[in-house]
>>> print(open('input_27.cif').read())   # mmCIF, C-alpha atoms
data_entry
#
loop_
_atom_site.label_atom_id
_atom_site.label_comp_id
_atom_site.auth_asym_id
_atom_site.auth_seq_id
_atom_site.Cartn_x
_atom_site.Cartn_y
_atom_site.Cartn_z
CA MET I 1 0.50 53.42 59.70
CA SER I 2 -1.69 50.53 58.70
CA ALA I 3 -3.50 48.64 61.44
CA PHE I 4 -2.87 45.34 59.54
CA PRO I 5 0.43 43.51 59.24
CA THR I 6 2.19 43.78 55.91
CA PHE I 7 2.26 40.69 53.63
CA ASN I 8 4.87 39.79 51.05
CA TRP I 9 2.96 38.95 47.80
CA ARG I 10 6.05 38.39 45.70
CA PRO I 11 6.30 34.58 46.23
CA LEU I 12 2.64 34.12 45.27
CA VAL I 13 2.99 36.29 42.17
CA LEU I 14 6.07 34.31 41.12
CA LEU I 15 4.22 31.01 41.67
CA ALA I 16 1.26 32.22 39.59
CA LEU I 17 3.58 33.22 36.76
CA LEU I 18 5.29 29.83 36.85
CA LEU I 19 1.96 27.99 36.79
CA GLY I 20 0.77 30.17 33.93
CA ALA I 21 3.83 29.24 31.92
CA TRP I 22 3.51 25.52 32.71
CA LEU I 23 -0.20 24.77 32.29
CA PRO I 24 -0.64 25.70 28.60
CA ALA I 25 2.35 23.57 27.64
CA THR I 26 0.99 20.49 29.40
CA ALA I 27 -2.51 21.06 28.00
CA GLN I 28 -1.33 20.95 24.40
CA PRO I 29 -1.72 17.52 22.74
CA HIS I 30 1.54 15.86 21.83
CA ALA I 31 2.37 14.92 18.27
CA PRO I 32 1.38 11.28 17.61
CA LEU I 33 4.20 8.85 18.28
CA GLU I 34 4.70 5.54 16.49
CA GLY I 35 4.34 2.63 18.89
CA ARG I 36 2.32 4.64 21.39
CA ASP I 37 -0.40 6.41 19.36
CA TYR I 38 -0.29 4.47 16.12
CA ALA I 39 1.33 1.56 14.33
CA LEU I 40 2.78 2.07 10.87
CA ILE I 41 1.41 -0.69 8.62
CA ALA I 42 4.11 -2.20 6.44
CA ASP I 43 3.01 -2.37 2.80
CA GLY I 44 -0.48 -1.30 3.91
CA GLN I 45 -3.22 -0.75 1.38
CA PRO I 46 -6.49 1.20 1.74
CA TRP I 47 -9.75 -0.69 1.78
CA GLN I 48 -10.94 1.14 -1.34
CA PRO I 49 -9.17 3.40 -3.87
CA LEU I 50 -8.62 6.77 -2.25
CA ASP I 51 -9.63 8.90 -5.26
CA GLY I 52 -8.20 12.00 -3.64
CA ARG I 53 -9.85 11.34 -0.28
CA ILE I 54 -8.45 10.40 3.12
CA GLU I 55 -9.90 7.07 4.12
CA VAL I 56 -10.79 6.31 7.73
CA VAL I 57 -11.90 2.71 8.15
CA GLU I 58 -13.55 1.50 11.33
CA VAL I 59 -13.11 -2.24 11.73
CA PHE I 60 -16.03 -3.08 13.98
CA SER I 61 -18.31 -5.81 15.25
CA TYR I 62 -22.00 -5.55 16.03
CA GLY I 63 -21.49 -7.83 19.01
CA CYS I 64 -18.79 -5.56 20.48
CA VAL I 65 -20.06 -3.38 23.33
CA HIS I 66 -17.11 -1.02 22.87
CA CYS I 67 -18.09 -0.50 19.22
CA PHE I 68 -21.64 0.22 20.36
CA ARG I 69 -20.41 2.89 22.76
CA PHE I 70 -17.94 4.25 20.23
CA GLN I 71 -20.65 4.73 17.60
CA LYS I 72 -22.06 7.83 19.31
CA LEU I 73 -18.61 9.42 19.45
CA LEU I 74 -17.99 8.46 15.84
CA ASP I 75 -21.30 9.96 14.73
CA ALA I 76 -20.42 13.30 16.32
CA TRP I 77 -16.92 13.18 14.81
CA ARG I 78 -18.25 12.32 11.35
CA ALA I 79 -20.67 15.26 11.39
CA LYS I 80 -17.70 17.62 11.73
CA ALA I 81 -15.23 15.77 9.49
CA PRO I 82 -13.76 17.71 6.55
CA ALA I 83 -15.14 17.02 3.09
CA ASP I 84 -12.01 15.17 1.98
CA VAL I 85 -12.40 12.51 4.70
CA ARG I 86 -14.28 9.29 3.90
CA LEU I 87 -15.45 7.14 6.81
CA THR I 88 -16.02 3.50 5.89
CA TYR I 89 -17.26 0.62 8.02
CA VAL I 90 -15.64 -2.79 7.58
CA PRO I 91 -16.93 -5.66 9.73
CA ALA I 92 -14.33 -7.65 11.62
CA ALA I 93 -14.68 -10.97 9.82
CA PHE I 94 -12.48 -12.99 12.14
CA SER I 95 -14.27 -16.19 11.18
CA ALA I 96 -16.13 -17.49 8.14
CA GLY I 97 -19.17 -18.06 10.34
CA ASP I 98 -19.58 -14.41 11.35
CA ASN I 99 -23.22 -13.93 10.37
CA PHE I 100 -23.25 -10.28 11.43
CA ALA I 101 -20.46 -9.57 8.94
CA ARG I 102 -22.25 -11.56 6.24
CA GLY I 103 -25.47 -9.69 6.89
CA PHE I 104 -23.67 -6.36 6.71
CA PHE I 105 -22.32 -7.08 3.23
CA VAL I 106 -25.69 -8.25 1.92
CA ALA I 107 -27.37 -5.15 3.41
CA GLN I 108 -24.70 -3.02 1.74
CA ASP I 109 -25.43 -4.65 -1.62
CA GLN I 110 -29.12 -3.93 -1.15
CA GLY I 111 -28.60 -0.32 -0.07
CA LEU I 112 -29.84 -0.98 3.46
CA ASP I 113 -26.63 -0.46 5.43
CA ALA I 114 -27.07 3.28 6.09
CA ARG I 115 -30.53 2.87 7.64
CA SER I 116 -29.82 -0.41 9.43
CA HIS I 117 -26.38 0.19 10.97
CA HIS I 118 -27.54 1.93 14.14
CA ALA I 119 -30.68 -0.19 14.34
CA LEU I 120 -28.67 -3.41 14.45
CA PHE I 121 -26.44 -2.09 17.22
CA SER I 122 -29.62 -1.23 19.13
CA ALA I 123 -31.15 -4.67 18.51
CA VAL I 124 -28.08 -6.28 20.05
CA HIS I 125 -27.23 -3.93 22.91
CA ASP I 126 -30.44 -2.05 23.74
CA THR I 127 -33.34 -4.43 23.19
CA GLY I 128 -31.58 -7.79 23.09
CA ALA I 129 -33.61 -8.75 20.02
CA LEU I 130 -30.44 -10.33 18.64
CA PRO I 131 -27.70 -12.04 20.68
CA ARG I 132 -24.18 -10.62 20.79
CA SER I 133 -22.89 -13.81 19.18
CA GLY I 134 -24.34 -16.88 17.53
CA ALA I 135 -27.25 -15.20 15.75
CA SER I 136 -28.55 -17.44 12.98
CA PRO I 137 -28.73 -16.34 9.34
CA GLU I 138 -32.53 -16.61 9.57
CA ALA I 139 -32.69 -14.31 12.62
CA ILE I 140 -30.41 -11.75 10.99
CA ALA I 141 -32.36 -11.93 7.72
CA ALA I 142 -35.59 -11.39 9.65
CA PHE I 143 -34.09 -8.28 11.21
CA TYR I 144 -33.17 -6.88 7.81
CA VAL I 145 -36.66 -7.53 6.50
CA GLY I 146 -37.73 -5.05 9.16
CA GLN I 147 -35.23 -2.61 7.64
CA GLY I 148 -36.55 -2.96 4.11
CA ALA I 149 -35.24 -6.26 2.73
CA ARG I 150 -37.90 -7.84 0.51
CA SER I 151 -37.45 -11.50 1.36
CA GLN I 152 -36.08 -13.22 4.45
CA ALA I 153 -35.27 -16.37 2.48
CA ARG I 154 -33.44 -14.49 -0.27
CA PHE I 155 -31.50 -12.41 2.21
CA ALA I 156 -30.40 -15.52 4.11
CA ALA I 157 -29.42 -17.21 0.85
CA ALA I 158 -27.37 -14.17 -0.15
CA MET I 159 -25.50 -14.35 3.16
CA ALA I 160 -24.24 -17.80 2.15
CA SER I 161 -23.45 -16.88 -1.46
CA PRO I 162 -19.97 -16.99 -3.08
CA ALA I 163 -20.14 -13.22 -3.57
CA THR I 164 -20.51 -12.72 0.19
CA ASP I 165 -17.72 -15.25 0.82
CA GLU I 166 -15.46 -13.13 -1.37
CA LYS I 167 -16.26 -9.94 0.54
CA LEU I 168 -15.77 -11.70 3.86
CA ASN I 169 -12.37 -12.93 2.72
CA ALA I 170 -11.42 -9.42 1.58
CA ALA I 171 -12.41 -7.97 4.97
CA ARG I 172 -10.40 -10.64 6.78
CA ALA I 173 -7.37 -9.98 4.58
CA PHE I 174 -7.62 -6.23 5.19
CA ALA I 175 -7.81 -6.72 8.96
CA THR I 176 -4.92 -9.20 8.93
CA ARG I 177 -2.51 -7.06 6.91
CA SER I 178 -3.48 -4.03 9.02
CA GLY I 179 -2.66 -5.89 12.24
CA VAL I 180 -6.15 -5.62 13.69
CA GLU I 181 -6.42 -7.52 16.96
CA GLY I 182 -9.71 -6.23 18.34
CA THR I 183 -12.56 -3.82 17.82
CA PRO I 184 -13.08 -0.98 17.34
CA THR I 185 -9.94 -0.27 15.31
CA LEU I 186 -9.39 2.74 13.06
CA ILE I 187 -7.17 2.52 9.97
CA ILE I 188 -6.05 5.68 8.12
CA ASN I 189 -5.39 5.29 4.38
CA GLY I 190 -4.32 1.70 4.99
CA ARG I 191 -1.13 3.21 6.41
CA TYR I 192 -1.77 3.84 10.10
CA ARG I 193 -3.49 1.69 12.71
CA VAL I 194 -4.64 4.01 15.46
CA MET I 195 -3.85 3.17 19.07
CA GLY I 196 -5.32 4.86 22.11
CA ARG I 197 -5.97 4.48 25.81
CA SER I 198 -9.58 5.59 25.48
CA LEU I 199 -12.27 5.79 22.80
CA GLU I 200 -11.96 9.57 22.80
CA GLU I 201 -8.22 9.34 22.29
CA LEU I 202 -8.71 7.17 19.20
CA LEU I 203 -10.41 10.11 17.50
CA THR I 204 -7.86 12.66 18.71
CA VAL I 205 -5.02 10.62 17.19
CA THR I 206 -7.10 10.05 14.05
CA ASP I 207 -7.47 13.79 13.53
CA GLN I 208 -3.72 14.24 13.93
CA LEU I 209 -2.94 11.50 11.41
CA ILE I 210 -5.48 12.90 8.95
CA ALA I 211 -3.70 16.25 9.16
CA ARG I 212 -0.38 14.50 8.57
CA GLU I 213 -1.68 12.69 5.49
CA ARG I 214 -3.21 15.89 4.11
CA ALA I 215 0.05 17.78 4.55
CA ALA I 216 1.98 15.01 2.76
CA ARG I 217 -0.02 15.30 -0.45
#
>>> encode(input="input_27.cif", output="structure tokens")
Amino acid sequence: MSAFPTFNWRPLVLLALLLGAWLPATAQPHAPLEGRDYALIADGQPWQPLDGRIEVVEVFSYGCVHCFRFQKLLDAWRAKAPADVRLTYVPAAFSAGDNFARGFFVAQDQGLDARSHHALFSAVHDTGALPRSGASPEAIAAFYVGQGARSQARFAAAMASPATDEKLNAARAFATRSGVEGTPTLIINGRYRVMGRSLEELLTVTDQLIARERAAR
């Protein structure tokens, strides 16, 4: 006879089995739901022709601290993105006087946007070299000279040019028809506006919608 009292393990075993059946189901991500995870854009159009790619547009603002924080997550996501996915930045041109947006388009024309994108975020949010809002064309042009622009005066003049006005208007029209209300906002193929309760969730839903668009081809 054992010197220790007997113990009935059956209830604990049953509980463990029940937990094992329940936990995996709750850990699985749900399929994206319209109205909760994304908005379907009526008559939406992509920013650029798709050419067989899946377009992910980030509507962003250099003055937005959330965009600054999101950039690190987006960099990591982009490094692992499939080859058929194209990530494109579109500045949130909510007003004609958005000099950050104007500077972005001029830098893009001059082939400086790839090298300057992170540096401008840093100048605003790390060093404070540029203010979050109200930066003058001259101050922004001076920044881009440090990124390789040849002339501060010419860069500032290009920011005020009709060609830049046209691009600003196109960005505003894209954001308006896509229902963008704040930044950062992700738009998939001009069709879906991603919604999320966290920056990480934005990318989870984006991956799900990319898979949906790929399967629909």
>>> closest_residue(input="input_27.cif", among="I:Glu200, I:Trp77, I:Ile188, I:Leu168", to="I:Arg212", atoms="only C-alpha atoms")
I:Ile188
>>> resolve_selection(input="input_27.cif", expression="the PyMOL selection byres ((chain I and resi 130) around 12)", output="NGL selection string")
:I and (62-63 or 99-100 or 119-129 or 131-144)
>>> write_last_selection(input="input_27.cif", atoms="C-alpha atoms", output="compact mmCIF listing (two decimals), in the frame of the given file")
# COMPACT_ATOMS: atom_id res chain seq x y z
CA TYR I 62 -22.00 -5.55 16.03
CA GLY I 63 -21.49 -7.83 19.01
CA ASN I 99 -23.22 -13.93 10.37
CA PHE I 100 -23.25 -10.28 11.43
CA ALA I 119 -30.68 -0.19 14.34
CA LEU I 120 -28.67 -3.41 14.45
CA PHE I 121 -26.44 -2.09 17.22
CA SER I 122 -29.62 -1.23 19.13
CA ALA I 123 -31.15 -4.67 18.51
CA VAL I 124 -28.08 -6.28 20.05
CA HIS I 125 -27.23 -3.93 22.91
CA ASP I 126 -30.44 -2.05 23.74
CA THR I 127 -33.34 -4.43 23.19
CA GLY I 128 -31.58 -7.79 23.09
CA ALA I 129 -33.61 -8.75 20.02
CA PRO I 131 -27.70 -12.04 20.68
CA ARG I 132 -24.18 -10.62 20.79
CA SER I 133 -22.89 -13.81 19.18
CA GLY I 134 -24.34 -16.88 17.53
CA ALA I 135 -27.25 -15.20 15.75
CA SER I 136 -28.55 -17.44 12.98
CA PRO I 137 -28.73 -16.34 9.34
CA GLU I 138 -32.53 -16.61 9.57
CA ALA I 139 -32.69 -14.31 12.62
CA ILE I 140 -30.41 -11.75 10.99
CA ALA I 141 -32.36 -11.93 7.72
CA ALA I 142 -35.59 -11.39 9.65
CA PHE I 143 -34.09 -8.28 11.21
CA TYR I 144 -33.17 -6.88 7.81
>>> residues_around(input="input_27.cif", residues="stretch 33-44 of chain I", least_positions_apart="2", cutoff="9 Å", atoms="all atoms listed in the file", output="MDAnalysis selection string")
chainID I and resid 30:31 46 174 177:179 189:197 201:202 205 209
>>> write_last_selection(input="input_27.cif", atoms="C-alpha atoms", output="compact mmCIF listing (two decimals), in the frame of the given file")
# COMPACT_ATOMS: atom_id res chain seq x y z
CA HIS I 30 1.54 15.86 21.83
CA ALA I 31 2.37 14.92 18.27
CA PRO I 46 -6.49 1.20 1.74
CA PHE I 174 -7.62 -6.23 5.19
CA ARG I 177 -2.51 -7.06 6.91
CA SER I 178 -3.48 -4.03 9.02
CA GLY I 179 -2.66 -5.89 12.24
CA ASN I 189 -5.39 5.29 4.38
CA GLY I 190 -4.32 1.70 4.99
CA ARG I 191 -1.13 3.21 6.41
CA TYR I 192 -1.77 3.84 10.10
CA ARG I 193 -3.49 1.69 12.71
CA VAL I 194 -4.64 4.01 15.46
CA MET I 195 -3.85 3.17 19.07
CA GLY I 196 -5.32 4.86 22.11
CA ARG I 197 -5.97 4.48 25.81
CA GLU I 201 -8.22 9.34 22.29
CA LEU I 202 -8.71 7.17 19.20
CA VAL I 205 -5.02 10.62 17.19
CA LEU I 209 -2.94 11.50 11.41
>>> closest_residue(input="input_27.cif", among="I:Ala96, I:Val145, I:Ala83, I:Val180", to="I:Gln110", atoms="only C-alpha atoms")
I:Val145
>>> atom_distance(input="input_27.cif", atom1="atom CA of I:Ser61", atom2="atom CA of I:Ala101")
7.7 Å
>>> closest_residue(input="input_27.cif", among="I:Glu181, I:Asn169, I:Gly103, I:Phe60", to="I:Ala157", atoms="all atoms listed in the file")
I:Gly103
>>> atom_distance(input="input_27.cif", atom1="atom CA of I:Pro49", atom2="atom CA of I:Arg214")
16.0 Å
>>> atom_distance(input="input_27.cif", atom1="atom CA of I:Ala171", atom2="atom CA of I:Ile187")
12.7 Å
>>> resolve_selection(input="input_27.cif", expression="the PyMOL selection byres ((chain I and resi 114) around 12)", output="list in words")
Thr88, Tyr89, Phe104, Phe105, Ala107, Gln108, Asp109, Gln110, Gly111, Leu112, Asp113, Arg115, Ser116, His117, His118, Ala119, Leu120, Tyr144, Gln147 and Gly148 of chain I
>>> closest_residue(input="input_27.cif", among="I:Leu73, I:Val106, I:Val56, I:Ala156", to="I:Asp207", atoms="all atoms listed in the file")
I:Val56
>>> closest_residue(input="input_27.cif", among="I:Val85, I:Val57, I:Ala149, I:Cys67", to="I:Leu186", atoms="all atoms listed in the file")
I:Val57
>>> closest_residue(input="input_27.cif", among="I:Ala93, I:Leu50, I:Leu203, I:Ala153", to="I:Gln71", atoms="all atoms listed in the file")
I:Leu203
>>> resolve_selection(input="input_27.cif", expression="the PyMOL selection byres ((chain I and resi 184) around 9)", output="list in words")
Glu58, Val59, Phe60, Ser61, Cys64, His66, Cys67, Phe70, Ala92, Gly182, Thr183, Thr185, Leu186 and Leu199 of chain I
>>> build_atoms(input="input_27.cif", residues="stretch 120-139 of chain I", atoms="N, CA, C and O atoms", output="short mmCIF file (atom, residue, chain, number, x, y, z; two decimals), in the coordinates of the input")
data_model
loop_
_atom_site.label_atom_id
_atom_site.label_comp_id
_atom_site.auth_asym_id
_atom_site.auth_seq_id
_atom_site.Cartn_x
_atom_site.Cartn_y
_atom_site.Cartn_z
N LEU I 120 -29.18 -2.09 14.07
CA LEU I 120 -28.67 -3.41 14.45
C LEU I 120 -27.88 -3.34 15.75
O LEU I 120 -28.01 -4.21 16.62
N PHE I 121 -27.10 -2.28 15.93
CA PHE I 121 -26.44 -2.09 17.22
C PHE I 121 -27.48 -2.05 18.34
O PHE I 121 -27.29 -2.64 19.41
N SER I 122 -28.58 -1.34 18.12
CA SER I 122 -29.62 -1.23 19.13
C SER I 122 -30.29 -2.57 19.40
O SER I 122 -30.59 -2.92 20.56
N ALA I 123 -30.51 -3.36 18.34
CA ALA I 123 -31.15 -4.67 18.51
C ALA I 123 -30.29 -5.60 19.35
O ALA I 123 -30.81 -6.45 20.09
N VAL I 124 -28.98 -5.43 19.28
CA VAL I 124 -28.08 -6.28 20.05
C VAL I 124 -27.90 -5.76 21.47
O VAL I 124 -27.99 -6.52 22.45
N HIS I 125 -27.67 -4.46 21.62
CA HIS I 125 -27.23 -3.93 22.91
C HIS I 125 -28.31 -3.19 23.70
O HIS I 125 -28.18 -3.04 24.91
N ASP I 126 -29.36 -2.74 23.03
CA ASP I 126 -30.44 -2.05 23.74
C ASP I 126 -31.61 -2.98 24.05
O ASP I 126 -32.01 -3.12 25.21
N THR I 127 -32.14 -3.62 23.02
CA THR I 127 -33.34 -4.43 23.19
C THR I 127 -33.06 -5.91 23.40
O THR I 127 -33.91 -6.63 23.91
N GLY I 128 -31.87 -6.37 22.98
CA GLY I 128 -31.58 -7.79 23.09
C GLY I 128 -32.34 -8.64 22.08
O GLY I 128 -32.45 -9.86 22.25
N ALA I 129 -32.87 -8.00 21.04
CA ALA I 129 -33.61 -8.75 20.02
C ALA I 129 -32.71 -9.75 19.29
O ALA I 129 -33.19 -10.77 18.78
N LEU I 130 -31.42 -9.43 19.22
CA LEU I 130 -30.44 -10.33 18.64
C LEU I 130 -29.33 -10.56 19.66
O LEU I 130 -28.95 -9.63 20.39
N PRO I 131 -28.79 -11.77 19.72
CA PRO I 131 -27.70 -12.04 20.68
C PRO I 131 -26.40 -11.42 20.21
O PRO I 131 -26.21 -11.15 19.02
N ARG I 132 -25.47 -11.20 21.15
CA ARG I 132 -24.18 -10.62 20.79
C ARG I 132 -23.37 -11.56 19.91
O ARG I 132 -22.53 -11.11 19.13
N SER I 133 -23.59 -12.84 20.03
CA SER I 133 -22.89 -13.81 19.18
C SER I 133 -23.81 -14.99 18.93
O SER I 133 -24.73 -15.25 19.71
N GLY I 134 -23.57 -15.67 17.82
CA GLY I 134 -24.34 -16.88 17.53
C GLY I 134 -25.69 -16.66 16.88
O GLY I 134 -26.49 -17.59 16.79
N ALA I 135 -25.97 -15.44 16.42
CA ALA I 135 -27.25 -15.20 15.75
C ALA I 135 -27.30 -15.98 14.44
O ALA I 135 -26.33 -16.01 13.68
N SER I 136 -28.41 -16.62 14.18
CA SER I 136 -28.55 -17.44 12.98
C SER I 136 -28.76 -16.57 11.75
O SER I 136 -29.22 -15.42 11.86
N PRO I 137 -28.45 -17.10 10.56
CA PRO I 137 -28.73 -16.34 9.34
C PRO I 137 -30.21 -15.97 9.23
O PRO I 137 -30.54 -14.88 8.75
N GLU I 138 -31.09 -16.87 9.66
CA GLU I 138 -32.53 -16.61 9.57
C GLU I 138 -32.94 -15.44 10.47
O GLU I 138 -33.74 -14.59 10.08
N ALA I 139 -32.36 -15.40 11.69
CA ALA I 139 -32.69 -14.31 12.62
C ALA I 139 -32.18 -12.97 12.09
O ALA I 139 -32.87 -11.94 12.17
#
